[in-house]
file work.txt (compact mmCIF, C-alpha atoms)
# COMPACT_ATOMS: atom_id res chain seq x y z
CA MET P 1 -21.70 -1.05 13.60
CA LYS P 2 -22.08 -1.96 10.00
CA PRO P 3 -21.65 0.84 7.48
CA ASP P 4 -24.66 1.76 5.44
CA LYS P 5 -24.28 -0.13 2.19
CA ASN P 6 -26.21 2.41 0.22
CA ILE P 7 -24.05 5.27 1.40
CA GLU P 8 -20.92 3.21 0.87
CA GLN P 9 -21.99 2.53 -2.68
CA LYS P 10 -22.73 6.20 -3.27
CA LEU P 11 -19.35 7.17 -1.90
CA GLU P 12 -17.62 4.67 -4.13
CA GLU P 13 -19.54 5.97 -7.12
CA LEU P 14 -18.57 9.49 -6.14
CA ALA P 15 -14.92 8.45 -5.93
CA ASP P 16 -15.21 7.05 -9.44
CA ALA P 17 -16.84 10.24 -10.64
CA VAL P 18 -14.07 12.38 -9.14
CA GLY P 19 -11.71 10.12 -11.00
CA ARG P 20 -8.19 10.71 -12.12
CA ARG P 21 -6.60 12.72 -14.90
CA ASP P 22 -4.14 10.96 -17.17
CA SER P 23 -1.47 13.62 -17.05
CA PHE P 24 -1.98 14.64 -13.44
CA VAL P 25 1.10 12.89 -12.06
CA ASP P 26 3.25 14.29 -14.85
CA ASP P 27 1.85 17.77 -14.32
CA VAL P 28 2.64 17.66 -10.62
CA MET P 29 6.14 16.33 -11.19
CA THR P 30 6.76 19.04 -13.79
CA ARG P 31 5.60 21.70 -11.37
CA ILE P 32 7.88 20.27 -8.72
CA LYS P 33 10.79 20.22 -11.12
CA ASN P 34 10.18 23.84 -12.04
CA SER P 35 9.45 24.95 -8.50
CA PRO P 36 11.91 27.55 -7.19
CA VAL P 37 11.55 26.02 -3.73
CA GLN P 38 12.87 22.49 -3.57
CA LEU P 39 12.81 19.85 -0.89
CA SER P 40 14.88 21.01 2.06
CA LYS P 41 18.24 19.28 2.16
CA LYS P 42 19.08 20.35 5.69
CA THR P 43 17.13 17.58 7.30
CA LYS P 44 17.83 14.87 4.80
CA ARG P 45 20.57 13.34 6.89
CA ASN P 46 18.23 12.97 9.83
CA HIS P 47 15.95 10.96 7.67
CA VAL P 48 18.53 8.39 6.67
CA LEU P 49 18.24 6.62 9.99
CA ARG P 50 14.48 6.92 9.94
CA ARG P 51 14.48 5.49 6.44
CA ILE P 52 16.51 2.51 7.52
CA LEU P 53 14.26 2.06 10.50
CA MET P 54 11.16 2.26 8.37
CA LYS P 55 12.58 -0.20 5.92
CA ASN P 56 13.10 -2.58 8.73
CA THR P 57 9.83 -1.82 10.36
CA ILE P 58 8.28 -3.14 7.23
CA LYS P 59 10.60 -6.09 7.29
CA LEU P 60 9.59 -6.63 10.88
CA THR P 61 6.30 -7.90 9.72
CA ALA P 62 8.49 -10.72 8.52
CA ALA P 63 5.93 -12.31 6.32
CA ALA P 64 5.25 -9.10 4.53
CA VAL P 65 7.28 -9.87 1.47
CA ILE P 66 5.84 -13.30 1.34
CA ALA P 67 2.43 -11.92 2.02
CA ILE P 68 2.62 -9.86 -1.12
CA ALA P 69 2.68 -12.99 -3.11
CA THR P 70 -0.08 -14.41 -1.00
CA LEU P 71 -2.34 -11.50 -1.37
CA LEU P 72 -1.72 -11.01 -5.02
CA LEU P 73 -1.56 -14.54 -6.15
CA PHE P 74 -3.26 -17.12 -4.18
CA LEU P 75 -6.31 -16.24 -2.21
CA PHE P 76 -8.60 -18.31 -4.31
CA ASN P 77 -11.27 -20.54 -2.98
CA THR P 78 -13.15 -21.96 -5.88
CA SER P 79 -12.41 -25.48 -6.94
CA SER P 80 -11.05 -27.04 -10.07
CA THR P 81 -8.32 -29.54 -9.29
CA SER P 82 -6.65 -32.32 -11.13
CA ILE P 83 -4.93 -35.32 -9.60
CA ALA P 84 -1.47 -34.28 -10.74
CA TRP P 85 -1.83 -30.80 -9.31
CA ALA P 86 -3.29 -32.13 -6.10
CA GLU P 87 -0.19 -34.26 -5.73
CA VAL P 88 1.94 -31.20 -6.26
CA ALA P 89 0.06 -29.42 -3.52
CA ALA P 90 0.46 -32.30 -1.11
CA LYS P 91 4.13 -32.71 -1.91
CA THR P 92 4.84 -29.02 -1.44
CA ASP P 93 2.87 -28.96 1.76
CA SER P 94 4.91 -31.80 3.22
CA ILE P 95 8.18 -29.91 2.96
CA SER P 96 9.40 -28.32 6.15
CA ASP P 97 12.47 -26.34 5.09
CA PHE P 98 12.99 -24.32 1.93
CA VAL P 99 14.66 -21.22 0.54
CA TYR P 100 13.56 -18.84 -2.20
CA GLN P 101 14.02 -15.37 -3.57
CA SER P 102 11.34 -12.70 -3.64
CA GLN P 103 11.38 -9.70 -5.92
CA GLU P 104 8.70 -7.05 -5.60
CA SER P 105 8.54 -4.01 -7.84
CA MET P 106 6.07 -1.19 -7.95
CA THR P 107 5.67 1.24 -10.84
CA VAL P 108 3.24 3.79 -12.16
CA ILE P 109 2.06 2.65 -15.58
CA GLY P 110 3.46 4.73 -18.41
CA LYS P 111 5.97 6.45 -16.14
CA ASN P 112 9.54 5.76 -15.20
CA TYR P 113 8.90 5.68 -11.49
CA SER P 114 9.64 2.41 -9.82
CA GLU P 115 10.64 0.84 -6.55
CA SER P 116 11.87 -2.67 -5.93
CA ILE P 117 12.78 -4.97 -3.06
CA ILE P 118 14.77 -8.16 -3.48
CA THR P 119 15.05 -10.58 -0.60
CA THR P 120 16.19 -14.12 0.02
CA ILE P 121 13.90 -15.95 2.38
CA TYR P 122 14.78 -18.97 4.48
CA THR P 123 11.81 -20.84 5.92
CA SER P 124 11.98 -23.54 8.54
CA ALA P 125 8.95 -25.19 10.09
CA GLU P 126 10.94 -25.59 13.27
CA TYR P 127 12.93 -22.39 13.57
CA GLY P 128 11.02 -19.67 11.74
CA ILE P 129 11.82 -17.33 8.89
CA ARG P 130 14.90 -15.37 7.98
CA ILE P 131 14.76 -12.60 5.38
CA ASP P 132 17.94 -11.19 3.89
CA ASP P 133 17.52 -7.88 2.12
CA GLU P 134 19.93 -7.60 -0.78
CA LYS P 135 19.98 -3.82 -0.94
CA SER P 136 20.46 -2.92 2.68
CA GLY P 137 22.17 -6.07 3.88
CA ASN P 138 19.70 -6.18 6.75
CA ARG P 139 18.59 -9.51 8.14
CA THR P 140 15.20 -10.05 9.70
CA PHE P 141 14.54 -13.07 11.88
CA THR P 142 11.00 -14.11 12.66
CA LEU P 143 11.22 -16.53 15.57
CA PRO P 144 7.90 -18.09 16.58
CA ALA P 145 9.43 -20.03 19.46
CA ASP P 146 10.67 -16.81 21.00
CA LYS P 147 7.65 -14.87 19.80
CA ALA P 148 10.11 -12.30 18.55
CA ILE P 149 11.24 -10.51 15.45
CA VAL P 150 14.84 -9.41 15.40
CA VAL P 151 16.32 -7.11 12.79
CA VAL P 152 20.06 -6.80 12.40
CA MET P 153 21.35 -3.80 10.46
CA PRO P 154 25.06 -4.16 9.70
CA SER P 155 25.26 -0.91 7.75
CA ILE P 156 24.58 1.12 10.88
CA LYS P 157 25.62 -1.45 13.48
CA LYS P 158 22.18 -1.53 15.04
CA TYR P 159 19.61 -4.13 15.91
CA LYS P 160 15.96 -4.06 16.83
CA TRP P 161 13.76 -6.50 18.72
CA HIS P 162 10.00 -6.64 18.44
CA PRO P 163 7.43 -8.97 19.98
CA LEU P 164 5.73 -11.32 17.54
CA SER P 165 2.03 -11.69 18.17
CA ASP P 166 0.09 -14.92 17.80
CA ASN P 167 -1.89 -13.32 15.00
CA ALA P 168 1.29 -12.44 13.17
CA ILE P 169 2.53 -16.00 13.56
CA ALA P 170 -0.72 -17.35 12.17
CA GLU P 171 -0.58 -14.88 9.33
CA MET P 172 3.00 -15.81 8.62
CA LYS P 173 2.06 -19.47 8.31
CA GLU P 174 -0.92 -18.60 6.19
CA ASN P 175 1.27 -16.61 3.85
CA SER P 176 3.92 -19.24 3.38
CA PRO P 177 4.49 -20.23 -0.25
CA LYS P 178 3.49 -23.74 0.76
CA THR P 179 0.08 -22.47 1.72
CA LEU P 180 -0.01 -20.33 -1.36
CA VAL P 181 0.60 -23.24 -3.65
CA LYS P 182 -2.04 -25.28 -1.91
CA LYS P 183 -4.65 -22.56 -2.18
CA TYR P 184 -3.68 -21.77 -5.70
CA ILE P 185 -4.07 -25.31 -6.89
CA ALA P 186 -7.41 -25.56 -5.12
CA ALA P 187 -8.60 -22.52 -7.02
CA LYS P 188 -10.18 -22.14 -10.41
CA TYR P 189 -7.31 -21.83 -12.85
CA LYS P 190 -6.35 -21.97 -16.51
CA SER P 191 -3.60 -24.22 -17.83
CA LEU P 192 -0.56 -22.49 -19.32
CA GLY P 193 0.88 -25.68 -20.76
CA ARG P 194 4.58 -26.36 -20.65
CA LYS P 195 7.70 -24.29 -21.24
CA ILE P 196 11.39 -24.28 -20.36
CA ILE P 197 12.32 -22.03 -17.44
CA ASN P 198 16.03 -21.71 -16.74
CA GLY P 199 16.63 -25.02 -18.47
CA VAL P 200 13.90 -26.78 -16.57
CA GLU P 201 10.73 -28.06 -18.19
CA ALA P 202 7.81 -26.65 -16.31
CA GLU P 203 4.06 -26.70 -16.43
CA GLY P 204 2.03 -23.71 -15.41
CA ILE P 205 -1.38 -22.52 -14.41
CA GLU P 206 -2.90 -19.05 -14.37
CA VAL P 207 -5.37 -17.31 -12.11
CA ASN P 208 -6.91 -13.88 -12.54
CA ASN P 209 -9.78 -13.51 -10.12
CA ILE P 210 -9.44 -10.00 -8.73
CA GLU P 211 -12.31 -10.58 -6.32
CA LEU P 212 -10.04 -12.79 -4.29
CA VAL P 213 -7.12 -10.40 -4.19
CA LYS P 214 -6.60 -8.39 -1.04
CA SER P 215 -4.81 -5.12 -1.38
CA ASN P 216 -4.61 -1.68 0.13
CA MET P 217 -5.65 -0.16 -3.16
CA PRO P 218 -8.66 -0.79 -5.41
CA ILE P 219 -7.73 -3.41 -7.97
CA LYS P 220 -8.20 -2.93 -11.70
CA SER P 221 -6.63 -6.12 -12.95
CA TYR P 222 -4.73 -9.09 -11.67
CA LEU P 223 -2.80 -12.00 -13.14
CA GLY P 224 -0.99 -14.80 -11.35
CA HIS P 225 1.12 -17.67 -12.69
CA LEU P 226 2.45 -20.75 -10.94
CA TRP P 227 5.04 -22.93 -12.65
CA ILE P 228 5.96 -26.43 -11.50
CA ASP P 229 9.05 -28.44 -12.36
CA ILE P 230 7.57 -31.50 -14.05
CA GLN P 231 10.39 -33.71 -12.81
CA THR P 232 10.33 -32.81 -9.14
CA GLU P 233 6.68 -31.73 -9.13
CA LEU P 234 7.64 -28.75 -7.01
CA PRO P 235 7.15 -25.04 -7.71
CA ILE P 236 9.97 -23.23 -9.45
CA LEU P 237 8.34 -19.89 -10.19
CA LEU P 238 5.44 -17.84 -8.89
CA GLU P 239 4.60 -14.60 -10.65
CA ALA P 240 1.88 -12.06 -10.06
CA LYS P 241 0.99 -8.73 -11.60
CA LEU P 242 -1.59 -6.46 -10.08
CA VAL P 243 -2.75 -3.11 -11.41
CA GLY P 244 -4.54 -0.72 -9.10
CA GLU P 245 -7.18 1.72 -10.22
CA ASN P 246 -4.61 4.43 -9.65
CA ASP P 247 -2.41 2.77 -12.31
CA ILE P 248 0.10 1.64 -9.75
CA GLN P 249 1.39 -1.71 -10.84
CA VAL P 250 2.85 -4.25 -8.48
CA LYS P 251 4.83 -7.22 -9.74
CA VAL P 252 5.93 -10.05 -7.52
CA ILE P 253 8.27 -12.84 -8.50
CA LEU P 254 9.12 -15.73 -6.23
CA ASP P 255 11.81 -17.97 -7.68
CA ASN P 256 15.15 -19.70 -7.08
CA PHE P 257 13.32 -22.16 -4.88
CA GLN P 258 15.36 -24.73 -2.97
CA TRP P 259 12.92 -27.23 -1.56
CA ASN P 260 13.77 -29.72 1.15
CA VAL P 261 17.06 -28.14 2.15
CA ASN P 262 18.64 -28.63 5.54
CA LEU P 263 18.40 -25.42 7.46
CA SER P 264 20.17 -25.55 10.78
CA SER P 265 19.14 -23.64 13.86
CA GLU P 266 22.28 -21.53 13.41
CA LYS P 267 20.72 -19.96 10.33
CA PHE P 268 17.96 -18.55 12.51
CA LYS P 269 20.09 -17.21 15.33
CA PRO P 270 20.58 -13.49 14.97
CA GLU P 271 24.26 -12.76 15.37
CA ILE P 272 24.56 -9.39 16.99
CA PRO P 273 28.15 -8.22 17.37
CA LYS P 274 29.04 -6.59 20.65
CA ASP P 275 29.51 -3.18 19.14
CA TYR P 276 25.95 -3.11 17.78
CA THR P 277 23.45 -1.04 19.74
CA GLU P 278 19.70 -1.31 19.93
CA LEU P 279 17.57 1.07 17.93
CA MET Q 1 0.76 -5.08 -0.47
CA THR Q 2 2.68 -2.11 -1.74
CA GLN Q 3 5.31 0.10 -0.22
CA SER Q 4 3.83 2.12 2.58
CA ASP Q 5 3.56 5.88 2.49
CA ALA Q 6 6.23 6.05 5.16
CA GLU Q 7 8.62 4.00 3.08
CA LEU Q 8 8.05 6.15 0.05
CA VAL Q 9 8.55 9.33 2.08
CA GLN Q 10 11.85 7.99 3.32
CA GLU Q 11 12.86 7.07 -0.21
CA ILE Q 12 12.14 10.61 -1.32
CA LEU Q 13 13.98 12.21 1.57
CA THR Q 14 17.04 10.16 0.89
CA GLY Q 15 17.20 11.26 -2.71
CA ASN Q 16 14.75 9.24 -4.77
CA LYS Q 17 12.55 12.09 -5.90
CA GLU Q 18 10.70 9.93 -8.38
CA ALA Q 19 9.08 8.02 -5.56
CA PHE Q 20 6.97 11.10 -4.96
CA ALA Q 21 5.12 10.30 -8.18
CA LEU Q 22 3.85 7.15 -6.54
CA LEU Q 23 2.40 9.17 -3.70
CA VAL Q 24 0.84 11.56 -6.19
CA ALA Q 25 -0.81 8.68 -8.00
CA ARG Q 26 -1.93 7.19 -4.72
CA TYR Q 27 -3.56 10.36 -3.40
CA GLU Q 28 -4.67 12.16 -6.54
CA ARG Q 29 -8.31 11.32 -6.05
CA SER Q 30 -8.43 12.14 -2.33
CA VAL Q 31 -6.78 15.47 -2.87
CA ARG Q 32 -8.95 16.37 -5.84
CA ALA Q 33 -12.10 15.38 -3.96
CA ALA Q 34 -11.09 17.44 -0.93
CA ALA Q 35 -10.37 20.41 -3.15
CA ILE Q 36 -13.67 20.13 -5.03
CA SER Q 37 -15.57 19.82 -1.76
CA ILE Q 38 -14.24 23.23 -0.81
CA VAL Q 39 -13.94 25.27 -3.99
CA LYS Q 40 -16.64 23.46 -6.01
CA LYS Q 41 -14.99 24.15 -9.35
CA PRO Q 42 -13.16 21.16 -10.84
CA HIS Q 43 -10.75 23.18 -12.97
CA ILE Q 44 -9.72 25.21 -9.93
CA ALA Q 45 -9.71 22.10 -7.78
CA ASP Q 46 -7.29 20.43 -10.17
CA ASP Q 47 -4.90 23.35 -9.84
CA ILE Q 48 -5.30 23.30 -6.07
CA ALA Q 49 -4.60 19.58 -6.03
CA GLN Q 50 -1.37 20.12 -7.97
CA GLU Q 51 -0.39 22.97 -5.68
CA ALA Q 52 -1.08 20.82 -2.62
CA PHE Q 53 1.30 18.16 -3.88
CA VAL Q 54 3.96 20.77 -4.68
CA ARG Q 55 3.65 22.21 -1.17
CA ALA Q 56 3.78 18.73 0.31
CA TRP Q 57 6.96 18.11 -1.65
CA GLN Q 58 8.53 21.32 -0.45
CA GLN Q 59 7.59 20.68 3.17
CA LEU Q 60 8.19 16.95 3.21
CA SER Q 61 11.26 17.15 5.41
CA ASP Q 62 9.12 18.84 8.06
CA LEU Q 63 6.85 15.82 8.27
CA ARG Q 64 7.93 14.28 11.55
CA ASN Q 65 5.96 11.08 11.22
CA PRO Q 66 5.94 9.77 7.63
CA GLU Q 67 3.19 7.31 8.50
CA VAL Q 68 0.71 10.17 8.64
CA PHE Q 69 1.50 11.43 5.16
CA GLY Q 70 -2.11 11.02 4.02
CA PRO Q 71 -3.77 13.06 6.77
CA TRP Q 72 -0.96 15.61 6.56
CA LEU Q 73 -1.48 15.96 2.82
CA MET Q 74 -5.19 16.48 3.34
CA LYS Q 75 -4.48 19.34 5.71
CA ILE Q 76 -2.21 20.92 3.14
CA THR Q 77 -4.93 20.49 0.54
CA ARG Q 78 -7.48 22.26 2.71
CA ARG Q 79 -5.04 25.11 3.28
CA CYS Q 80 -4.42 25.39 -0.44
CA ALA Q 81 -8.15 25.42 -1.10
CA VAL Q 82 -8.72 28.08 1.53
CA ASP Q 83 -5.91 30.18 0.08
CA SER Q 84 -7.49 29.82 -3.34
CA LEU Q 85 -10.86 30.92 -2.06
CA LYS Q 86 -9.29 33.88 -0.35
CA LYS Q 87 -7.66 34.84 -3.59
CA GLN Q 88 -11.04 34.73 -5.22
CA GLN Q 89 -12.26 37.10 -2.51
CA SER Q 90 -15.09 34.76 -1.80
CA LEU Q 91 -13.84 33.78 1.62
CA LYS Q 92 -13.40 35.66 4.83
CA TYR Q 93 -10.78 33.94 6.88
CA SER Q 94 -12.90 33.43 9.98
CA ASP Q 95 -15.88 31.98 8.18
CA SER Q 96 -16.56 28.32 7.77
CA LEU Q 97 -15.74 26.73 4.48
CA ASP Q 98 -19.13 25.34 3.74
CA SER Q 99 -20.90 28.65 4.06
CA LEU Q 100 -18.38 30.48 1.96
CA ALA Q 101 -17.81 28.09 -0.86
CA ALA Q 102 -19.03 29.21 -4.21
CA HIS Q 103 -22.30 27.69 -5.29
CA GLU Q 104 -21.58 27.35 -8.91
CA LYS Q 105 -22.77 24.31 -10.79
CA ASN Q 106 -20.12 21.77 -11.38
CA GLY Q 107 -19.40 20.88 -14.95
CA GLN Q 108 -18.10 17.38 -14.29
CA LEU Q 109 -19.93 15.96 -11.32
CA ASP Q 110 -23.65 15.45 -11.55
CA GLU Q 111 -25.88 17.19 -9.05
CA LYS Q 112 -26.15 14.26 -6.67
CA ASN Q 113 -22.43 13.63 -6.54
CA GLN Q 114 -21.72 17.31 -6.21
CA HIS Q 115 -24.13 17.52 -3.32
CA LEU Q 116 -22.65 14.44 -1.67
CA LEU Q 117 -19.18 15.93 -1.94
CA GLU Q 118 -20.39 19.20 -0.46
CA THR Q 119 -22.06 17.29 2.35
CA ILE Q 120 -18.81 15.49 3.07
CA GLY Q 121 -17.20 18.92 3.29
CA LYS Q 122 -19.65 19.80 6.07
CA LEU Q 123 -18.87 16.77 8.22
CA PRO Q 124 -16.87 17.20 11.42
CA LYS Q 125 -13.20 17.33 10.52
CA ALA Q 126 -12.31 13.91 11.93
CA GLU Q 127 -15.16 12.26 10.04
CA GLN Q 128 -14.39 14.19 6.89
CA GLN Q 129 -10.81 13.02 7.11
CA VAL Q 130 -11.64 9.33 7.43
CA ILE Q 131 -14.20 9.49 4.63
CA MET Q 132 -11.77 11.23 2.29
CA LEU Q 133 -8.97 8.81 2.98
CA ARG Q 134 -11.12 5.69 3.07
CA TYR Q 135 -13.10 6.20 -0.12
CA PHE Q 136 -10.87 8.42 -2.20
CA GLY Q 137 -7.50 7.29 -0.93
CA PRO Q 138 -5.56 4.06 -0.67
CA TYR Q 139 -6.65 2.93 2.79
CA ASN Q 140 -8.56 0.05 4.23
CA VAL Q 141 -9.91 0.65 7.73
CA ARG Q 142 -6.97 -0.90 9.52
CA ASP Q 143 -4.35 1.09 7.63
CA LEU Q 144 -6.46 4.21 7.91
CA ALA Q 145 -6.52 3.80 11.70
CA THR Q 146 -2.74 3.61 11.72
CA ALA Q 147 -2.45 6.63 9.44
CA VAL Q 148 -4.67 8.88 11.51
CA GLY Q 149 -3.33 7.57 14.81
CA ARG Q 150 -6.63 6.24 16.10
CA SER Q 151 -7.83 2.79 16.98
CA VAL Q 152 -9.64 0.66 14.43
CA GLY Q 153 -12.70 0.85 16.66
CA THR Q 154 -12.61 4.64 16.71
CA VAL Q 155 -12.19 4.91 12.98
CA THR Q 156 -15.00 2.42 12.42
CA LYS Q 157 -17.27 4.49 14.65
CA GLN Q 158 -16.28 7.69 12.90
CA LEU Q 159 -17.00 6.14 9.53
CA SER Q 160 -20.31 4.85 10.82
CA ARG Q 161 -21.27 8.26 12.18
CA ALA Q 162 -20.24 9.88 8.94
CA HIS Q 163 -22.34 7.37 6.97
CA HIS Q 164 -25.29 8.15 9.20
CA ARG Q 165 -24.92 11.91 8.82
CA LEU Q 166 -24.51 11.65 5.08
CA LYS Q 167 -27.50 9.36 4.78
CA LYS Q 168 -29.60 11.74 6.86
CA GLN Q 169 -28.52 14.75 4.83
CA LEU Q 170 -29.27 13.01 1.56
CA GLN Q 171 -32.65 11.76 2.78
CA GLU Q 172 -33.65 15.30 3.68
CA LEU Q 173 -33.13 16.32 0.11
CA GLU Q 174 -34.77 13.37 -1.52
CA PRO Q 175 -38.51 13.57 -2.20
call {"tool": "encode", "arguments": {"input": "work.txt", "output": "structure tokens"}}
result
Amino acid sequence: MKPDKNIEQKLEELADAVGRRDSFVDDVMTRIKNSPVQLSKKTKRNHVLRRILMKNTIKLTAAAVIAIATLLLFLFNTSSTSIAWAEVAAKTDSISDFVYQSQESMTVIGKNYSESIITTIYTSAEYGIRIDDEKSGNRTFTLPADKAIVVVMPSIKKYKWHPLSDNAIAEMKENSPKTLVKKYIAAKYKSLGRKIINGVEAEGIEVNNIELVKSNMPIKSYLGHLWIDIQTELPILLEAKLVGENDIQVKVILDNFQWNVNLSSEKFKPEIPKDYTEL
Amino acid sequence: MTQSDAELVQEILTGNKEAFALLVARYERSVRAAAISIVKKPHIADDIAQEAFVRAWQQLSDLRNPEVFGPWLMKITRRCAVDSLKKQQSLKYSDSLDSLAAHEKNGQLDEKNQHLLETIGKLPKAEQQVIMLRYFGPYNVRDLATAVGRSVGTVTKQLSRAHHRLKKQLQELEP
């Protein structure tokens, strides 16, 4: 059943009318700070395991971190290509194995609240994806051949196995940086010219079409940059900044790319020591 | 994609109190809308919304399933609103909210929006919940289904029914 467009529009207008108050978050946090009753500490310990599990549940989507970049940066479908950039897209697309780092941070604009996740991601066309989380030390293996996702958590000596659906595999492929670059270059973009990034001369392009950004929250603004090493003609930096209507800002940086590396099957074999137990 | 509610809840429970601000920002509008739909007065609703978040903070460790933070918060908001109405002696505990809410004109919402919000407040609870979280909160249908523990199909039907009811109610009032 399709929702009634008119009602949907009215509801969205109502949501806008209800709106937000600039100091609301601060007011709530002040009230919390001054509240005589604070968050119960008795059960905090019980939540540590749950927290770890949840962290990894998110990681279990495997492509999630990558997907952030996809969703924020590259879902563009208009056309404005040049020959040079088309070559970049083809070259990137031809690479089967690569490694990169992903950094996602989320903040509330004007506040000091922030969260961040830094991961190193190994991608092999043959073996799958491995995500190493810097903070927790957890390793997540997405293994299409086995249709499985395996998370290894050294800090608590646990591991977790999940089935990997065909849809998730397709989504994972769709969200690969290779696909992102291809879509990005096929999109309508603005040239950023050239600049030196970490000693490398790069040329960049910018996209900002919020209509093509998928997100869980309504989007207020969006900006995405792709930088290419002019010597290798391969991406060296992908950046995106998205601001939601609730003033939550998400920044994603994909960098430290190593294209065309040799990734052995060993890299994608979860090593689970004997004393680890399943969650 | 941003950090999920569940992730933020776990962050908070393991000591990162500031992460709660992200949840406040995420749900401010849903909570305010729910409060206005019950008490009708924006200035009171704002206070209720703040109180709801404070209560949520205090009771967060009792939340067994962090994935349902949104629906759980909406329940707290309704309780806060009911408590507020009781304090105003305009509510008898056993009466329904819609019949007992004050009928004062709203200073910030125009008449149509005010009426729409009141009509949402009269929807069956399950439909009211999905409307509040879908349009005023951070959810798309798929995530909403996960949050409320129902299938996507069920949530879609509930939204559709809610749309139909709202449309019918509004049509009855329009000339």
call {"tool": "closest_residue", "arguments": {"input": "work.txt", "among": "P:Tyr127, P:Phe24, P:Tyr189, P:Trp161", "to": "chain Q", "atoms": "all atoms listed in the file"}}
result
P:Phe24
call {"tool": "closest_atom_pairs", "arguments": {"input": "work.txt", "of": "chain Q", "to": "chain P", "cutoff": "6 Å", "atoms": "only C-alpha atoms", "output": "CSV"}}
result
residue,atom,partner,partner_atom,distance
Q:Met1,CA,P:Ile68,CA,5.2
Q:Gln10,CA,P:Arg51,CA,4.8
Q:Leu13,CA,P:Lys44,CA,5.7
Q:Glu18,CA,P:Tyr113,CA,5.6
Q:Ala25,CA,P:Asn246,CA,5.9
Q:Gln50,CA,P:Val28,CA,5.4
Q:Val54,CA,P:Ile32,CA,5.7
Q:Gln58,CA,P:Leu39,CA,4.5
Q:Asn113,CA,P:Leu14,CA,5.7
Q:Phe136,CA,P:Ala15,CA,5.5
Q:Pro138,CA,P:Met217,CA,4.9
Q:Tyr139,CA,P:Asn216,CA,5.7
Q:Asn140,CA,P:Asn216,CA,6.0
Q:Ser160,CA,P:Pro3,CA,5.4
call {"tool": "write_last_selection", "arguments": {"input": "work.txt", "atoms": "C-alpha atoms", "output": "tab-separated table (two decimals), keeping the file's coordinate frame"}}
result
chain	number	residue	atom	x	y	z
Q	1	MET	CA	0.76	-5.08	-0.47
Q	10	GLN	CA	11.85	7.99	3.32
Q	13	LEU	CA	13.98	12.21	1.57
Q	18	GLU	CA	10.70	9.93	-8.38
Q	25	ALA	CA	-0.81	8.68	-8.00
Q	50	GLN	CA	-1.37	20.12	-7.97
Q	54	VAL	CA	3.96	20.77	-4.68
Q	58	GLN	CA	8.53	21.32	-0.45
Q	113	ASN	CA	-22.43	13.63	-6.54
Q	136	PHE	CA	-10.87	8.42	-2.20
Q	138	PRO	CA	-5.56	4.06	-0.67
Q	139	TYR	CA	-6.65	2.93	2.79
Q	140	ASN	CA	-8.56	0.05	4.23
Q	160	SER	CA	-20.31	4.85	10.82
call {"tool": "residues_around", "arguments": {"input": "work.txt", "residues": "Q:Leu117", "least_positions_apart": "3", "cutoff": "8 Å", "atoms": "only C-alpha atoms", "output": "ChimeraX atom specification"}}
result
/P:14 /Q:33,36-37,113-114,120-121
call {"tool": "residues_around", "arguments": {"input": "work.txt", "residues": "stretch 228-238 of chain P", "least_positions_apart": "6", "cutoff": "6 Å", "atoms": "only C-alpha atoms", "output": "VMD selection string"}}
result
chain P and resid 88 202 to 203 253 to 255 257
call {"tool": "atom_distance", "arguments": {"input": "work.txt", "atom1": "atom CA of P:Asp166", "atom2": "atom CA of P:Val150"}}
result
15.9 Å
call {"tool": "atom_distance", "arguments": {"input": "work.txt", "atom1": "atom CA of P:Ser124", "atom2": "atom CA of P:Asp97"}}
result
4.5 Å
call {"tool": "residues_around", "arguments": {"input": "work.txt", "residues": "stretch 143-153 of chain Q", "least_positions_apart": "5", "cutoff": "9 Å", "atoms": "all atoms listed in the file", "output": "short mmCIF file (atom, residue, chain, number, x, y, z; two decimals) with C-alpha atoms, keeping the file's coordinate frame"}}
result
data_model
loop_
_atom_site.label_atom_id
_atom_site.label_comp_id
_atom_site.auth_asym_id
_atom_site.auth_seq_id
_atom_site.Cartn_x
_atom_site.Cartn_y
_atom_site.Cartn_z
CA ASN P 216 -4.61 -1.68 0.13
CA GLU Q 67 3.19 7.31 8.50
CA VAL Q 68 0.71 10.17 8.64
CA PHE Q 69 1.50 11.43 5.16
CA GLY Q 70 -2.11 11.02 4.02
CA PRO Q 71 -3.77 13.06 6.77
CA GLN Q 129 -10.81 13.02 7.11
CA VAL Q 130 -11.64 9.33 7.43
CA LEU Q 133 -8.97 8.81 2.98
CA ARG Q 134 -11.12 5.69 3.07
CA PRO Q 138 -5.56 4.06 -0.67
CA GLN Q 158 -16.28 7.69 12.90
#
call {"tool": "residues_around", "arguments": {"input": "work.txt", "residues": "P:Ala240", "least_positions_apart": "2", "cutoff": "6 Å", "atoms": "all atoms listed in the file", "output": "ChimeraX atom specification"}}
result
/P:73,223-224,251-252
call {"tool": "atom_distance", "arguments": {"input": "work.txt", "atom1": "atom CA of P:Pro154", "atom2": "atom CA of P:Lys269"}}
result
15.1 Å
call {"tool": "closest_residue", "arguments": {"input": "work.txt", "among": "Q:Leu23, Q:Ala162, Q:Val31, Q:Val155", "to": "Q:Asp46", "atoms": "all atoms listed in the file"}}
result
Q:Val31
